[in-house]
Amino acid sequence: MGKARTIARRTFIAGSAAIAGGVIFGTYVARKPHTNPLLADLDEGEATFNPWIRISGERVTLIAPHADVGQGTASMQAALIAEEMDLAWGEFEVEFGQPDAAYYNTATADEVVPFVSHDNSFAARTVRGLAGSVVKIAGVMVTGGSSSVPDSFNKLRLAGAVARETLKLAAARQAGLAAGDLETRAGAVVFPDGAVVPYTELAVAASEVEPVADVALRDPSEWRLLGKDMLRLDTRGKSTGQQQFGIDLHIDGMQHAAVRTNPRQGGSLLSFDADAAMLMPGVDKVLAISNGFAVIANNTWNAFRAVNAVSAEWGEAPYPANMPDHWAAVSAAFTDEHLDKEWRHDGDVPQALAAGEPVLAEYRAPYVAHQPLEPLNAIVRVNPGSVEVWSGHQMPRFLQEAVAEVAGIEADDVIFYNQFTGGSFGHRLELAYVVQATEIALQKPGTAIKLTYTREEDFAHDYPRQIGMARGAGTVANGKVTSYDLQVANVSAITSQMGRLGQPVPGPDGQIAAGAWNLPYTIPNFRMRAYRVPELAPTSSWRSVGASTQGFFADCFLDELIHAAGADPLEERLRLIERRESRQVLEAVAEMSGWGSDPGTGRGRGVAFVDSFGVPTAEVVEVSQTPRGITIDKVFVAADVGTVVDPVNFDNQVKGAVIWGLGHAMNCEITYADGKAQQSNYHAHPAMRMHQCPEIEVRGLELATKIRGIGEPPVPPAAPALANAIFAATGQRLREMPFNKFVKFA
Amino acid sequence: MTSFTLNGAPVEVDLPADTPLLWILRDELRMTGTKYGCGVAQCGACTVLFNGQAFRSCQLPLSVLQDADVLTIEGLSGGRGISPVQQAWIDHQVAQCGYCQSGQIMQATWLLQQNPDPSDEDIDRAMSGNLCRCGTYPRIRDAIRSAAQYMRDARDG
């Protein structure tokens with residue numbers, strides 16, 4: 001494995017009384033520009049080796065800065081450290097830690113540069129490196145883009161290795177031995193005579209040795225934890241009701257709040273009448289906040305009831321009031337003026353289309369809500385000179401800045417306690433709920449205010465997935481696809497989302513093209529153009545972001561062409577792919593599904609392939625026509641992530657992502673009437689329930705040299721594989737989601 | 001004042017009669033294992049056993065609770081470690097975010113009390129009112145089958 005050069009920095013500890021007896025080895029990442037945030041709160045007798053590890057006489061604490069929104073990052077981060085540090089699984093504590101620039105995410109930078117993730121040319125590496133530098137300097141701390149594993153994989157193993165070697169050295173010096181004579185096992189240093197000294201007893205001694213500057217990462221063949229089935233650290237708590245989420249926290253003296261803001265998102269509050277609400281039980285206060293009002297009460301139920309009793313007049317929506325105008329705006333964006341970027345043009349598409357009789361098709365993808373099951377919530381307490389926030393969020397540094405701006409303090413004076421969240425899917429990248437809780441808390445200084453959204457408020461302000469359309473044109477000849485032209489027009493969810501954070505996004509938005517322009521197919525004439533629709537309703541990143549819509553457009557249209565050519569959908573895709581790893585995921589699902597065998601009467605198989613977040617992913621869906629409607633019988637998935645860190649969680653994430661992709665494609669859309677989302681609760685946006693859930697078979701391939709995350713990549717192929725299967729079974733081509741507008745599902 | 005039995009112990013609550021059990025549990029008694037998801041019986045996250053029946057606690061006002069017997073996720077094992085259903089949930093590592101799982105476990109517990117050997121259709125019918133946004137349904141099915149087996153083993157053994 002690679003040897004990481006590290007730079008010793010003892011400067012932190014020189015003569016500081018505050019950390020007397022502690023030890024800091026700032027040797028964790030080469031050229032690291034940020035100081036270790038754990039230094040600030042270090043008690044006497046505690047040691048910290050880097051921003052991820054703190055040891056006291058009682059315990060080893062690991063810091064997991066990537067937010068755990070249900071995808072298991074807390075366990076994953078701990079496992080990476082524990083593997084190299086030789087900690088017994090679970091014999092340590094895990095904390096999310098305080099927001100700090102030291103926890104920058106370098107992996108997301110890979111997704112903002114205009115090179116296919118697998119492109120390892122010098123130019124691609126150089127540009128990626130520059131983008132990474134920007135991320136590092138800005139100290140962006142974000143959980144998203146399936147980047148937690150790629151960001152953490154080397155960094156946290158290295159952190160664990162530095163700690164292990166330094167503890168060994170400390171123990172060796174004490175005993176007059178060489179570090180090489182010692183071993184480590186289960187959270188302890190083991191001496192040649194078999195004596196065992198726990199790390200916790202070595203914290204102080206470690207301050208008396210020079211830090212270990214060079215450590216080698218272990219070869220995967222030596223791994224005890226990684227690559228093997230793990231028991232996630234949160235499994236037991238989540239099976240017994242003991243896991244605390246943000247919504248479960250109680251702070252002494254806390255009051256409860258509910259809000260209602262203009263359901264025409266971004267519209268203003270014209271007036272409100274709270275007379276009736278003020279007379280209701282438990283109500284303390286009704287107050288105006290940005291674009292709406294809040295109720296403070298003695299419990300959640302009383303706050304909910306009272307907020308429903310306030311009448312209000314709302315201003316107009318800053319976007320078209322009704323759905324047909326949204327679609328008209330999307331449709332009108334296929335013009336040179338709105339061209340965001342031509343991402344790819346191989347061969348000569350106009351000439352090829354002119355020479356043949358092109359197959360033409362138009363596709364649509366609606367707004368879709370995130371709606372994780374834990375409603376948005378935050379506890380905020382305003383203190384003299386500081387503000388405390390308890391909530392779950394994927395971008396803690398942005399949260400600090402947003403709260404600081406409202407409260408009129410410095411961002412570093414916002415103390416943020418990140419929480420486990422009941423799902424996110426991109427929803428916890430938004431900040432309105434935290435800002436609102438801060439606005440309320442500012443009117444009750446010293447009192448913790450817990451804001452809980454009603455489900456209806458959450459639906460009304462979901463910031464759904466981008467709306468979009470695609471126009472495909474292509475030709476076939478001699479049983480082969482010969483030209484492929486895909487033009488996509490989407491609103492930019494990234495620009496909308498980052499705009500609310502005050503962050504401009506210069507240049508073309510790669511997420512308008514993601515999942516389409518980077519298809520691995522070598523087609524003689526291949527063009528992909530992305531058009532940017534001017535902002536309509538506000539949107540944000542929805543699990544798998546751009547690829548969730550383009551994957552559907554791009555793969556289904558290719559499937560149409562393949563059928564027009566009379567070729568086999570899987571064979572023709574394979575013929576068109578040169579990249580070995582991408583071929584192998586397709587070959588895997590072919591083998592798993594028995595592709596080519598007769599599916600039986602009234603049944604059909606569809607295949608789809610999408611590459612998102614650097615993960616080539618193929619899915620085969622099998623459906624049946626039944627008297628009750630279409631059933632999805634089976635799904636086969638293969639994805640190449642380079643290295644599977646935890647096979648159990650990998651399997652769970654893949655299945656969940658497939659169900660996410662299928663359920664929303666089948667059953668869900670957000671539509672606007674009079675400027676308001678018409679879907680107010682799960683009855684109108686059900687996604688998938690158990691009776692529609694297929695069996696899913698998963699295979700993780702470990703082919704690529706770079707490790708990748710799996711939280712999102714299985715989402716994009718699900719919708720096209722289902723649509724392609726329904727075509728195979730029924731002859732009906734589905735070109736718009738949700739599919740239940742056109743076919744009946746059992 | 002309303003008196004009822006919660007996880008085997010008597011409790012008394014003095015709140016407006018329309019206050020739902022969900023919020024009595026969460027805010028008044030600070031038993032937060034029962035979750036708020038939708039408030040309108042569409043998600044099942046707040047499922048408890050009410051007089052032995054799986055019920056959405058967001059739909060149970062205090063006015064119907066006098067002398068009732070209520071069981072929540074916190075009382076499921078009766079203080080004896082964990083229940084067979086919970087054990088199956090751990091063994092299959094069902095949870096992702098875990099927010100719906102208290103309700104899923106309570107619903108599955110009720111299913112297995114009614115039907116010790118449910119078919120796939122029985123499971124789908126009993127569980128389709130419990131929404132899981134993370135998509136853990138395949139593991140929930142597996143865990144219910146295992147829990148049924150654990151309960152049979154315990155009975156036969």
# chains A, B, ... in the order shown; residues from 1 in each chain; ligands from 1
>>> select_by_dssp(residues="region 53-95 of chain B", states="strand (DSSP E)", output="list of chain:residue names")
B:Gln53, B:Ala54, B:Phe55, B:Arg56, B:Asp69, B:Val70, B:Leu71
>>> residues_around(residues="Tyr137 (chain B)", least_positions_apart="6", cutoff="8 Å", atoms="only C-alpha atoms", output="count of residues only")
3
>>> residues_around(residues="Tyr484 (chain A)", least_positions_apart="4", cutoff="9 Å", atoms="only C-alpha atoms", output="list in words")
Val349, Leu353, Gly472, Ala473, Gly474, Thr475, Ile523, Pro524, Asn525, Phe526, Arg527, Met528, Phe557, Leu558 and Leu561 of chain A
>>> interface_residues(of="chain A", to="chain B", cutoff="7 Å", atoms="only C-alpha atoms", output="PyMOL selection string")
chain A and resi 69-72+235-236+238-242+248+299+301+372-375+421-423+455+655-656+659-660+681-683+689-691+693+695
>>> write_last_selection(atoms="N, CA and C atoms", output="mmCIF file, in the first residue's frame")
data_model
loop_
_atom_site.group_PDB
_atom_site.id
_atom_site.type_symbol
_atom_site.label_atom_id
_atom_site.label_comp_id
_atom_site.auth_asym_id
_atom_site.auth_seq_id
_atom_site.Cartn_x
_atom_site.Cartn_y
_atom_site.Cartn_z
ATOM 1 N N VAL A 69 -26.752 10.440 8.284
ATOM 2 C CA VAL A 69 -28.159 10.676 7.965
ATOM 3 C C VAL A 69 -28.874 9.351 7.700
ATOM 4 N N GLY A 70 -28.269 8.281 8.222
ATOM 5 C CA GLY A 70 -28.862 6.962 8.064
ATOM 6 C C GLY A 70 -28.039 6.035 7.191
ATOM 7 N N GLN A 71 -27.045 6.619 6.522
ATOM 8 C CA GLN A 71 -26.235 5.807 5.597
ATOM 9 C C GLN A 71 -25.095 5.087 6.298
ATOM 10 N N GLY A 72 -24.943 5.301 7.609
ATOM 11 C CA GLY A 72 -23.952 4.542 8.363
ATOM 12 C C GLY A 72 -22.562 5.132 8.368
ATOM 13 N N THR A 235 -26.932 -0.114 15.230
ATOM 14 C CA THR A 235 -27.984 -1.098 14.960
ATOM 15 C C THR A 235 -28.825 -1.408 16.199
ATOM 16 N N ARG A 236 -28.166 -1.628 17.312
ATOM 17 C CA ARG A 236 -28.914 -2.005 18.516
ATOM 18 C C ARG A 236 -29.801 -0.854 18.984
ATOM 19 N N LYS A 238 -31.072 1.466 17.295
ATOM 20 C CA LYS A 238 -32.159 1.699 16.351
ATOM 21 C C LYS A 238 -33.159 0.540 16.321
ATOM 22 N N SER A 239 -32.854 -0.527 17.029
ATOM 23 C CA SER A 239 -33.786 -1.658 17.119
ATOM 24 C C SER A 239 -34.495 -1.694 18.466
ATOM 25 N N THR A 240 -34.154 -0.756 19.336
ATOM 26 C CA THR A 240 -34.722 -0.760 20.684
ATOM 27 C C THR A 240 -35.356 0.579 21.049
ATOM 28 N N GLY A 241 -35.391 1.506 20.106
ATOM 29 C CA GLY A 241 -35.960 2.823 20.395
ATOM 30 C C GLY A 241 -35.027 3.718 21.194
ATOM 31 N N GLN A 242 -33.792 3.264 21.401
ATOM 32 C CA GLN A 242 -32.873 4.030 22.251
ATOM 33 C C GLN A 242 -32.036 5.049 21.477
ATOM 34 N N ASP A 248 -35.594 14.097 19.259
ATOM 35 C CA ASP A 248 -35.821 13.474 20.563
ATOM 36 C C ASP A 248 -35.144 14.223 21.710
ATOM 37 N N ASN A 299 -45.748 22.554 24.546
ATOM 38 C CA ASN A 299 -45.392 21.260 23.970
ATOM 39 C C ASN A 299 -45.644 21.287 22.455
ATOM 40 N N TRP A 301 -47.520 19.470 20.456
ATOM 41 C CA TRP A 301 -48.900 19.372 19.998
ATOM 42 C C TRP A 301 -49.608 20.723 20.095
ATOM 43 N N PRO A 372 -37.618 13.005 4.148
ATOM 44 C CA PRO A 372 -37.188 11.976 5.106
ATOM 45 C C PRO A 372 -38.197 11.891 6.242
ATOM 46 N N LEU A 373 -38.223 10.742 6.915
ATOM 47 C CA LEU A 373 -39.322 10.512 7.860
ATOM 48 C C LEU A 373 -39.220 11.363 9.132
ATOM 49 N N GLU A 374 -38.023 11.712 9.536
ATOM 50 C CA GLU A 374 -37.908 12.642 10.666
ATOM 51 C C GLU A 374 -38.154 14.049 10.140
ATOM 52 N N PRO A 375 -39.216 14.715 10.605
ATOM 53 C CA PRO A 375 -39.455 16.064 10.102
ATOM 54 C C PRO A 375 -38.300 16.981 10.511
ATOM 55 N N THR A 421 -29.768 11.842 12.117
ATOM 56 C CA THR A 421 -31.051 12.259 11.555
ATOM 57 C C THR A 421 -31.795 11.065 10.972
ATOM 58 N N GLY A 422 -33.118 11.190 11.015
ATOM 59 C CA GLY A 422 -33.981 10.171 10.432
ATOM 60 C C GLY A 422 -34.101 10.371 8.939
ATOM 61 N N GLY A 423 -33.000 10.126 8.240
ATOM 62 C CA GLY A 423 -32.955 10.294 6.789
ATOM 63 C C GLY A 423 -32.607 11.715 6.395
ATOM 64 N N ARG A 455 -45.502 17.791 9.310
ATOM 65 C CA ARG A 455 -45.228 17.149 8.008
ATOM 66 C C ARG A 455 -45.711 18.031 6.870
ATOM 67 N N LYS A 655 -29.838 -1.625 -1.869
ATOM 68 C CA LYS A 655 -31.268 -1.951 -1.925
ATOM 69 C C LYS A 655 -32.114 -0.720 -1.648
ATOM 70 N N GLY A 656 -31.708 0.061 -0.656
ATOM 71 C CA GLY A 656 -32.456 1.267 -0.335
ATOM 72 C C GLY A 656 -32.461 2.254 -1.486
ATOM 73 N N ILE A 659 -34.842 1.030 -4.188
ATOM 74 C CA ILE A 659 -36.237 1.255 -3.768
ATOM 75 C C ILE A 659 -36.577 2.740 -3.850
ATOM 76 N N TRP A 660 -35.632 3.575 -3.491
ATOM 77 C CA TRP A 660 -35.811 5.028 -3.621
ATOM 78 C C TRP A 660 -36.064 5.407 -5.086
ATOM 79 N N ASN A 681 -48.807 15.507 2.261
ATOM 80 C CA ASN A 681 -48.420 14.449 3.193
ATOM 81 C C ASN A 681 -48.182 13.170 2.380
ATOM 82 N N TYR A 682 -47.817 12.100 3.077
ATOM 83 C CA TYR A 682 -47.382 10.888 2.369
ATOM 84 C C TYR A 682 -48.491 10.212 1.565
ATOM 85 N N HIS A 683 -49.755 10.472 1.873
ATOM 86 C CA HIS A 683 -50.810 9.845 1.080
ATOM 87 C C HIS A 683 -50.716 10.286 -0.377
ATOM 88 N N ARG A 689 -44.084 1.411 -0.866
ATOM 89 C CA ARG A 689 -44.451 0.707 0.356
ATOM 90 C C ARG A 689 -44.143 -0.775 0.170
ATOM 91 N N MET A 690 -44.248 -1.522 1.251
ATOM 92 C CA MET A 690 -43.735 -2.889 1.195
ATOM 93 C C MET A 690 -44.416 -3.751 0.137
ATOM 94 N N HIS A 691 -45.713 -3.550 -0.088
ATOM 95 C CA HIS A 691 -46.409 -4.464 -1.013
ATOM 96 C C HIS A 691 -45.925 -4.296 -2.458
ATOM 97 N N CYS A 693 -42.648 -3.748 -3.098
ATOM 98 C CA CYS A 693 -41.187 -3.899 -3.052
ATOM 99 C C CYS A 693 -40.736 -5.240 -3.626
ATOM 100 N N GLU A 695 -37.922 -8.311 -4.703
ATOM 101 C CA GLU A 695 -36.672 -8.894 -4.199
ATOM 102 C C GLU A 695 -35.533 -8.228 -4.939
#
>>> residues_around(residues="Asp462 (chain A)", least_positions_apart="6", cutoff="8 Å", atoms="only C-alpha atoms", output="ChimeraX atom specification")
/A:369-371,427
>>> select_by_dssp(residues="region 67-142 of chain B", states="helix (DSSP H, G or I)", output="ChimeraX atom specification")
/B:73-75,84-91,101-114,120-127,137-142
